[in-house]
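Engineer: My structure is in upload_13.pdb, and what it holds is PDB, C-alpha atoms, pLDDT in the B column:
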ATOM      1  CA  MET A   1     -12.364  34.544   3.306  1.00 88.00           C
ATOM      2  CA  ILE A   2     -11.890  31.253   1.386  1.00 93.00           C
ATOM      3  CA  TYR A   3      -8.162  31.346   2.137  1.00 95.00           C
ATOM      4  CA  LEU A   4      -8.665  31.628   5.881  1.00 95.00           C
ATOM      5  CA  GLU A   5     -11.337  28.928   5.702  1.00 95.00           C
ATOM      6  CA  LEU A   6      -8.988  26.577   3.816  1.00 95.00           C
ATOM      7  CA  PHE A   7      -6.138  27.263   6.220  1.00 96.00           C
ATOM      8  CA  TRP A   8      -8.292  26.811   9.331  1.00 95.00           C
ATOM      9  CA  THR A   9     -10.015  23.656   8.029  1.00 95.00           C
ATOM     10  CA  PHE A  10      -6.766  21.924   7.117  1.00 93.00           C
ATOM     11  CA  LEU A  11      -5.060  23.171  10.284  1.00 94.00           C
ATOM     12  CA  LYS A  12      -7.779  21.368  12.295  1.00 91.00           C
ATOM     13  CA  ILE A  13      -7.366  18.255  10.166  1.00 90.00           C
ATOM     14  CA  GLY A  14      -3.596  18.315  10.624  1.00 88.00           C
ATOM     15  CA  ALA A  15      -3.840  18.988  14.360  1.00 86.00           C
ATOM     16  CA  PHE A  16      -6.418  16.368  15.275  1.00 81.00           C
ATOM     17  CA  THR A  17      -5.426  13.432  13.111  1.00 74.00           C
ATOM     18  CA  PHE A  18      -2.716  10.996  14.077  1.00 69.00           C
ATOM     19  CA  GLY A  19      -1.396   8.214  11.876  1.00 66.00           C
ATOM     20  CA  GLY A  20      -0.735   9.923   8.569  1.00 68.00           C
ATOM     21  CA  GLY A  21      -2.778  10.706   5.496  1.00 66.00           C
ATOM     22  CA  TYR A  22      -5.082   7.699   5.523  1.00 71.00           C
ATOM     23  CA  ALA A  23      -6.120   8.415   9.082  1.00 74.00           C
ATOM     24  CA  MET A  24      -6.986  11.934   7.922  1.00 80.00           C
ATOM     25  CA  LEU A  25      -9.335  10.713   5.211  1.00 81.00           C
ATOM     26  CA  PRO A  26     -12.547  10.625   7.294  1.00 83.00           C
ATOM     27  CA  LEU A  27     -11.955  14.202   8.459  1.00 85.00           C
ATOM     28  CA  ILE A  28     -10.958  15.376   4.994  1.00 87.00           C
ATOM     29  CA  GLN A  29     -14.066  13.761   3.498  1.00 86.00           C
ATOM     30  CA  ALA A  30     -16.367  15.307   6.093  1.00 88.00           C
ATOM     31  CA  GLU A  31     -14.856  18.791   5.887  1.00 91.00           C
ATOM     32  CA  VAL A  32     -14.490  18.969   2.120  1.00 90.00           C
ATOM     33  CA  ARG A  33     -18.044  17.778   1.541  1.00 88.00           C
ATOM     34  CA  ALA A  34     -19.462  19.997   4.321  1.00 91.00           C
ATOM     35  CA  HIS A  35     -17.890  23.059   2.705  1.00 93.00           C
ATOM     36  CA  GLY A  36     -19.028  21.955  -0.742  1.00 91.00           C
ATOM     37  CA  TRP A  37     -15.537  22.156  -2.175  1.00 92.00           C
ATOM     38  CA  LEU A  38     -15.836  18.773  -3.931  1.00 88.00           C
ATOM     39  CA  SER A  39     -18.486  16.147  -4.596  1.00 87.00           C
ATOM     40  CA  ALA A  40     -17.978  12.594  -3.286  1.00 83.00           C
ATOM     41  CA  GLU A  41     -16.949  11.421  -6.773  1.00 83.00           C
ATOM     42  CA  GLU A  42     -14.506  14.291  -7.244  1.00 87.00           C
ATOM     43  CA  LEU A  43     -13.010  13.581  -3.835  1.00 85.00           C
ATOM     44  CA  VAL A  44     -12.409   9.935  -4.767  1.00 83.00           C
ATOM     45  CA  ASP A  45     -10.697  11.116  -7.962  1.00 85.00           C
ATOM     46  CA  PHE A  46      -8.545  13.533  -5.961  1.00 83.00           C
ATOM     47  CA  ILE A  47      -7.680  10.737  -3.516  1.00 83.00           C
ATOM     48  CA  ALA A  48      -6.554   8.558  -6.427  1.00 82.00           C
ATOM     49  CA  VAL A  49      -4.442  11.359  -7.895  1.00 84.00           C
ATOM     50  CA  SER A  50      -3.016  12.265  -4.469  1.00 82.00           C
ATOM     51  CA  GLU A  51      -2.042   8.668  -3.857  1.00 78.00           C
ATOM     52  CA  SER A  52      -0.521   8.306  -7.317  1.00 75.00           C
ATOM     53  CA  THR A  53       1.668  11.398  -7.195  1.00 80.00           C
ATOM     54  CA  PRO A  54       4.960  11.746  -5.326  1.00 81.00           C
ATOM     55  CA  GLY A  55       4.915  13.171  -1.835  1.00 81.00           C
ATOM     56  CA  PRO A  56       2.925  12.711   1.340  1.00 83.00           C
ATOM     57  CA  PHE A  57      -0.757  11.953   0.816  1.00 83.00           C
ATOM     58  CA  ALA A  58      -1.975  14.661   3.228  1.00 85.00           C
ATOM     59  CA  VAL A  59       0.076  17.337   1.480  1.00 88.00           C
ATOM     60  CA  ASN A  60      -1.090  16.219  -1.962  1.00 89.00           C
ATOM     61  CA  ILE A  61      -4.798  16.076  -1.114  1.00 90.00           C
ATOM     62  CA  SER A  62      -4.756  19.395   0.744  1.00 92.00           C
ATOM     63  CA  THR A  63      -2.941  21.027  -2.170  1.00 92.00           C
ATOM     64  CA  PHE A  64      -5.442  19.638  -4.683  1.00 91.00           C
ATOM     65  CA  VAL A  65      -8.466  20.689  -2.626  1.00 93.00           C
ATOM     66  CA  GLY A  66      -6.988  24.123  -1.944  1.00 95.00           C
ATOM     67  CA  MET A  67      -6.213  24.641  -5.629  1.00 94.00           C
ATOM     68  CA  ARG A  68      -9.736  23.638  -6.598  1.00 92.00           C
ATOM     69  CA  ALA A  69     -11.398  25.809  -3.972  1.00 93.00           C
ATOM     70  CA  GLY A  70      -9.123  28.858  -3.978  1.00 93.00           C
ATOM     71  CA  GLY A  71      -6.587  28.694  -6.769  1.00 94.00           C
ATOM     72  CA  LEU A  72      -2.837  28.845  -6.218  1.00 96.00           C
ATOM     73  CA  PHE A  73      -3.015  30.799  -2.959  1.00 97.00           C
ATOM     74  CA  GLY A  74      -5.773  28.456  -1.755  1.00 96.00           C
ATOM     75  CA  ALA A  75      -3.443  25.523  -2.402  1.00 95.00           C
ATOM     76  CA  PHE A  76      -0.744  27.233  -0.351  1.00 96.00           C
ATOM     77  CA  CYS A  77      -3.147  27.992   2.543  1.00 96.00           C
ATOM     78  CA  ALA A  78      -4.548  24.446   2.694  1.00 95.00           C
ATOM     79  CA  THR A  79      -1.095  22.855   2.457  1.00 95.00           C
ATOM     80  CA  PHE A  80       0.417  25.169   5.056  1.00 96.00           C
ATOM     81  CA  GLY A  81      -2.544  24.486   7.346  1.00 95.00           C
ATOM     82  CA  VAL A  82      -2.228  20.698   7.156  1.00 92.00           C
ATOM     83  CA  VAL A  83       1.565  20.714   7.595  1.00 91.00           C
ATOM     84  CA  LEU A  84       1.935  23.297  10.372  1.00 94.00           C
ATOM     85  CA  PRO A  85       0.601  21.187  13.297  1.00 90.00           C
ATOM     86  CA  SER A  86       2.777  18.205  12.383  1.00 86.00           C
ATOM     87  CA  PHE A  87       5.819  20.424  12.047  1.00 89.00           C
ATOM     88  CA  VAL A  88       5.301  22.016  15.470  1.00 91.00           C
ATOM     89  CA  ILE A  89       4.401  18.722  17.163  1.00 84.00           C
ATOM     90  CA  ILE A  90       7.372  16.811  15.749  1.00 83.00           C
ATOM     91  CA  LEU A  91       9.729  19.575  16.890  1.00 88.00           C
ATOM     92  CA  LEU A  92       8.330  19.282  20.420  1.00 85.00           C
ATOM     93  CA  VAL A  93       8.278  15.491  20.403  1.00 79.00           C
ATOM     94  CA  ALA A  94      11.832  15.231  19.066  1.00 81.00           C
ATOM     95  CA  ARG A  95      13.003  17.553  21.784  1.00 82.00           C
ATOM     96  CA  CYS A  96      11.243  15.661  24.583  1.00 78.00           C
ATOM     97  CA  TYR A  97      10.969  12.054  23.396  1.00 74.00           C
ATOM     98  CA  GLU A  98      14.379  10.803  24.489  1.00 74.00           C
ATOM     99  CA  LYS A  99      13.794  12.167  27.947  1.00 76.00           C
ATOM    100  CA  PHE A 100      10.317  10.627  28.340  1.00 75.00           C
ATOM    101  CA  ARG A 101      10.533   7.534  26.111  1.00 71.00           C
ATOM    102  CA  GLU A 102      10.406   5.088  29.011  1.00 77.00           C
ATOM    103  CA  SER A 103       7.545   6.920  30.733  1.00 81.00           C
ATOM    104  CA  ARG A 104       4.430   4.833  31.386  1.00 84.00           C
ATOM    105  CA  ALA A 105       2.245   7.714  30.231  1.00 82.00           C
ATOM    106  CA  VAL A 106       4.075   8.025  26.903  1.00 77.00           C
ATOM    107  CA  ARG A 107       3.983   4.259  26.301  1.00 79.00           C
ATOM    108  CA  GLY A 108       0.291   4.210  27.224  1.00 84.00           C
ATOM    109  CA  CYS A 109      -0.429   7.082  24.869  1.00 80.00           C
ATOM    110  CA  MET A 110       1.346   5.313  22.013  1.00 77.00           C
ATOM    111  CA  SER A 111      -0.533   2.078  22.753  1.00 83.00           C
ATOM    112  CA  GLY A 112      -3.826   3.937  22.728  1.00 84.00           C
ATOM    113  CA  LEU A 113      -3.141   5.759  19.487  1.00 81.00           C
ATOM    114  CA  LYS A 114      -2.427   2.602  17.468  1.00 82.00           C
ATOM    115  CA  PRO A 115      -5.986   1.167  17.512  1.00 86.00           C
ATOM    116  CA  ALA A 116      -7.458   4.622  16.912  1.00 83.00           C
ATOM    117  CA  VAL A 117      -5.327   5.029  13.788  1.00 80.00           C
ATOM    118  CA  VAL A 118      -6.366   1.588  12.512  1.00 83.00           C
ATOM    119  CA  GLY A 119     -10.015   2.527  13.075  1.00 85.00           C
ATOM    120  CA  LEU A 120      -9.650   5.818  11.184  1.00 78.00           C
ATOM    121  CA  ILE A 121      -7.967   4.047   8.268  1.00 80.00           C
ATOM    122  CA  ALA A 122     -10.731   1.410   8.214  1.00 84.00           C
ATOM    123  CA  ALA A 123     -13.394   4.142   8.199  1.00 82.00           C
ATOM    124  CA  ALA A 124     -11.660   5.794   5.235  1.00 77.00           C
ATOM    125  CA  VAL A 125     -11.500   2.481   3.347  1.00 79.00           C
ATOM    126  CA  ILE A 126     -15.207   1.821   3.914  1.00 82.00           C
ATOM    127  CA  SER A 127     -16.278   5.351   2.974  1.00 79.00           C
ATOM    128  CA  THR A 128     -14.125   5.482  -0.148  1.00 76.00           C
ATOM    129  CA  GLY A 129     -15.170   1.932  -1.095  1.00 76.00           C
ATOM    130  CA  GLN A 130     -18.835   2.912  -0.906  1.00 78.00           C
ATOM    131  CA  THR A 131     -18.236   5.861  -3.218  1.00 75.00           C
ATOM    132  CA  VAL A 132     -16.213   3.785  -5.693  1.00 71.00           C
ATOM    133  CA  PHE A 133     -18.190   0.539  -5.710  1.00 72.00           C
ATOM    134  CA  PHE A 134     -21.697   1.719  -4.817  1.00 75.00           C
ATOM    135  CA  PRO A 135     -22.066   5.385  -5.863  1.00 73.00           C
ATOM    136  CA  ALA A 136     -25.839   5.101  -6.335  1.00 72.00           C
ATOM    137  CA  GLY A 137     -26.419   2.683  -3.456  1.00 73.00           C
ATOM    138  CA  ILE A 138     -26.444  -1.100  -3.396  1.00 76.00           C
ATOM    139  CA  SER A 139     -28.639  -2.779  -5.995  1.00 75.00           C
ATOM    140  CA  ALA A 140     -28.382  -5.884  -8.172  1.00 74.00           C
ATOM    141  CA  GLY A 141     -27.495  -3.767 -11.219  1.00 73.00           C
ATOM    142  CA  VAL A 142     -24.418  -2.344  -9.528  1.00 73.00           C
ATOM    143  CA  PHE A 143     -22.658  -5.711  -9.572  1.00 77.00           C
ATOM    144  CA  THR A 144     -22.940  -6.047 -13.352  1.00 77.00           C
ATOM    145  CA  SER A 145     -22.013  -2.491 -14.319  1.00 76.00           C
ATOM    146  CA  PRO A 146     -18.726  -1.992 -16.196  1.00 77.00           C
ATOM    147  CA  ALA A 147     -17.568   0.535 -13.576  1.00 74.00           C
ATOM    148  CA  PHE A 148     -18.036  -1.947 -10.721  1.00 77.00           C
ATOM    149  CA  LEU A 149     -16.437  -4.815 -12.644  1.00 81.00           C
ATOM    150  CA  CYS A 150     -13.464  -2.644 -13.619  1.00 80.00           C
ATOM    151  CA  SER A 151     -13.022  -1.434 -10.033  1.00 79.00           C
ATOM    152  CA  ALA A 152     -13.303  -4.988  -8.695  1.00 82.00           C
ATOM    153  CA  VAL A 153     -10.706  -6.296 -11.165  1.00 83.00           C
ATOM    154  CA  ILE A 154      -8.273  -3.488 -10.339  1.00 82.00           C
ATOM    155  CA  PHE A 155      -8.877  -4.005  -6.594  1.00 83.00           C
ATOM    156  CA  ALA A 156      -8.320  -7.781  -6.873  1.00 87.00           C
ATOM    157  CA  ALA A 157      -5.210  -7.257  -9.002  1.00 85.00           C
ATOM    158  CA  GLY A 158      -3.863  -4.806  -6.430  1.00 84.00           C
ATOM    159  CA  ILE A 159      -4.381  -7.278  -3.594  1.00 88.00           C
ATOM    160  CA  LEU A 160      -2.859 -10.153  -5.581  1.00 89.00           C
ATOM    161  CA  LEU A 161       0.171  -8.098  -6.574  1.00 87.00           C
ATOM    162  CA  SER A 162       0.600  -6.889  -2.979  1.00 86.00           C
ATOM    163  CA  VAL A 163       0.523 -10.455  -1.675  1.00 90.00           C
ATOM    164  CA  LYS A 164       3.108 -11.397  -4.324  1.00 88.00           C
ATOM    165  CA  LYS A 165       5.287  -8.553  -2.976  1.00 88.00           C
ATOM    166  CA  VAL A 166       5.277  -6.615  -6.248  1.00 86.00           C
ATOM    167  CA  HIS A 167       6.725  -3.136  -5.803  1.00 88.00           C
ATOM    168  CA  PRO A 168       4.011  -0.516  -5.062  1.00 84.00           C
ATOM    169  CA  ILE A 169       5.072   1.661  -8.011  1.00 86.00           C
ATOM    170  CA  ILE A 170       4.424  -1.233 -10.386  1.00 87.00           C
ATOM    171  CA  ILE A 171       1.010  -1.804  -8.765  1.00 84.00           C
ATOM    172  CA  ILE A 172       0.142   1.892  -9.223  1.00 82.00           C
ATOM    173  CA  VAL A 173       1.233   1.835 -12.878  1.00 85.00           C
ATOM    174  CA  ILE A 174      -0.720  -1.381 -13.606  1.00 84.00           C
ATOM    175  CA  SER A 175      -3.798   0.029 -11.854  1.00 82.00           C
ATOM    176  CA  ALA A 176      -3.535   3.274 -13.821  1.00 82.00           C
ATOM    177  CA  VAL A 177      -3.178   1.411 -17.124  1.00 86.00           C
ATOM    178  CA  LEU A 178      -6.178  -0.806 -16.299  1.00 82.00           C
ATOM    179  CA  GLY A 179      -8.243   2.209 -15.247  1.00 80.00           C
ATOM    180  CA  ILE A 180      -7.349   4.207 -18.341  1.00 85.00           C
ATOM    181  CA  GLY A 181      -8.052   1.202 -20.543  1.00 84.00           C
ATOM    182  CA  ALA A 182     -11.445   0.659 -18.916  1.00 80.00           C
ATOM    183  CA  GLY A 183     -12.229   4.346 -19.258  1.00 80.00           C
ATOM    184  CA  VAL A 184     -11.452   4.274 -22.959  1.00 84.00           C
ATOM    185  CA  LEU A 185     -13.299   0.985 -23.595  1.00 81.00           C
ATOM    186  CA  PHE A 186     -16.371   1.598 -21.462  1.00 75.00           C
ATOM    187  CA  GLY A 187     -16.473   5.398 -21.302  1.00 70.00           C
ATOM    188  CA  LEU A 188     -16.170   5.433 -17.490  1.00 61.00           C
TER     189      LEU A 188
END
Is it possible to express this structure as structure tokens?
Structural biologist:
Amino acid sequence: MIYLELFWTFLKIGAFTFGGGYAMLPLIQAEVRAHGWLSAEELVDFIAVSESTPGPFAVNISTFVGMRAGGLFGAFCATFGVVLPSFVIILLVARCYEKFRESRAVRGCMSGLKPAVVGLIAAAVISTGQTVFFPAGISAGVFTSPAFLCSAVIFAAGILLSVKKVHPIIIIVISAVLGIGAGVLFGL
């Protein structure tokens, strides 16, 4: 039963989310938490690992969640579910796009999808930010906790390095080193 549930859940996520892995985050968060497969904190950890490992984010997160919820076959079911809609859709689009590229309807559809994707990514950033920065809600004590200060420093460093056009792999490595160091020093 868990295997069919994983497949079906991630098939829906893959079928109804446009814009890549980040746009999927709100749906992944809602579904994973609704099924009780992961807590909010575990999901944030899985997001960090999924983003830090090679491969597409959606494939990584679905594989991690599937493995956690249903073992190796669960990982396969979740991954296959999230990939199948994209695979079928891209085959159809590739076959038809050249023919309909100049169509007003196709251009209108593409124009409409862009703001929706930005909105989904923004929702994921806000939701994940709340879990990382304010896990117990907003209070004065949150802003002085080692976990918040560490997260804020890593976040600021990431933004600064991005603005300076530092390669993303270097930013990931620096963030990992800072996070590991903070974990060792402060027991986070």
Engineer: Can you tell me, as a list in words, what residues are no more than 8 Å from Glu41 (chain A) when counting all atoms listed in the file, ignoring any on the same chain fewer than 2 positions away?
Structural biologist: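 The residues that qualify are Leu38, Ser39, Leu43, Val44, Asp45, Thr131, Val132 and Pro135 of chain A.
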Engineer: Nearest to Ile13 (chain A) among A:Gly112, A:Pro26, A:Gly129, A:Gly141, with distances taken over only C-alpha atoms: which residue is it?
Structural biologist: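 Counting only C-alpha atoms, the residue closest to Ile13 (chain A) is A:Pro26.
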Engineer: For the point (-11.5, -3.2, -12.4) in file coordinates, what residues are within 12 Å, counting all atoms listed in the file? Give the answer as a PyMOL selection string?
Structural biologist: chain A and resi 132-133+143-158+174-183+186+188
Engineer: Have a look at CA of Gly137 (chain A) and CA of Gly119 (chain A) and let me know their distance in Å, one decimal.
Structural biologist: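 Separation of CA of Gly137 (chain A) and CA of Gly119 (chain A): 23.3 Å.
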Engineer: Which of these, A:Tyr97, A:Ser127, A:Gly70, A:Pro168, has the shortest distance to Met1 (chain A) once you count only C-alpha atoms?
Structural biologist: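 Looking only at the distances to Met1 (chain A), the closest residue turns out to be A:Gly70.
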Engineer: Return the single residue from A:Ala123, A:Val184, A:Ile89, A:Leu113 that is closest to Leu27 (chain A), with distances computed using only C-alpha atoms.
Structural biologist: A:Ala123
Engineer: Measuring atom to atom with all atoms listed in the file, identify which of A:Phe73, A:Tyr22, A:Phe57, A:Phe80 is nearest to Phe7 (chain A).
Structural biologist: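 Answer, going by the shortest atom-to-atom distance: A:Phe80.
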Engineer: Report, in Å with one decimal, the straight-line distance from CA of Gly71 (chain A) to CA of Ile172 (chain A).
Structural biologist: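 These two atoms are separated by 27.7 Å.
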Engineer: If I put a ball of radius 12 Å at (-0.7, 14.0, 24.9) in the file's coordinates, which residues poke into it when counting all atoms listed in the file, written as a compact mmCIF listing (two decimals) with C-alpha atoms, in the coordinates of the input?
Structural biologist:
# COMPACT_ATOMS: atom_id res chain seq x y z
CA PHE A 16 -6.42 16.37 15.28
CA PHE A 18 -2.72 11.00 14.08
CA ILE A 89 4.40 18.72 17.16
CA LEU A 92 8.33 19.28 20.42
CA VAL A 93 8.28 15.49 20.40
CA TYR A 97 10.97 12.05 23.40
CA ALA A 105 2.24 7.71 30.23
CA VAL A 106 4.08 8.02 26.90
CA ARG A 107 3.98 4.26 26.30
CA GLY A 108 0.29 4.21 27.22
CA CYS A 109 -0.43 7.08 24.87
CA MET A 110 1.35 5.31 22.01
CA GLY A 112 -3.83 3.94 22.73
CA LEU A 113 -3.14 5.76 19.49
Engineer: Padding 4 Å on every side, please: axis-aligned box over the listed atoms of region 128-137 of chain A, centre and edge lengths to one decimal in Å, as JSON.
Structural biologist:
{"center_x": -20.3, "center_y": 3.2, "center_z": -3.2, "size_x": 20.3, "size_y": 13.3, "size_z": 14.2}
Engineer: Would you compute the distance between CA of Leu11 (chain A) and CA of Val82 (chain A)? Give it in Å to one decimal.
Structural biologist: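 For CA of Leu11 (chain A) relative to CA of Val82 (chain A), the distance reads 4.9 Å.
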Engineer: With the PyMOL selection byres ((chain A and resi 28) around 9) as the selection, what would be picked from this file? Answer as a ChimeraX atom specification, please.
Structural biologist: /A:9-10,13,24-27,29-33,61-62
Engineer: Restricting the calculation to all atoms listed in the file: of A:Gly14, A:Phe76, A:Cys96, A:Leu84, which residue gets closest to Ala58 (chain A)?
Structural biologist: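 With all atoms listed in the file as the atom set, the closest residue is A:Gly14.
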Engineer: Output the residue selection produced by the PyMOL selection byres ((chain A and resi 67) around 12) on the file above, formatted as an MDAnalysis selection string.
Structural biologist: chainID A and resid 2:3 6 37:38 46 59:66 68:79
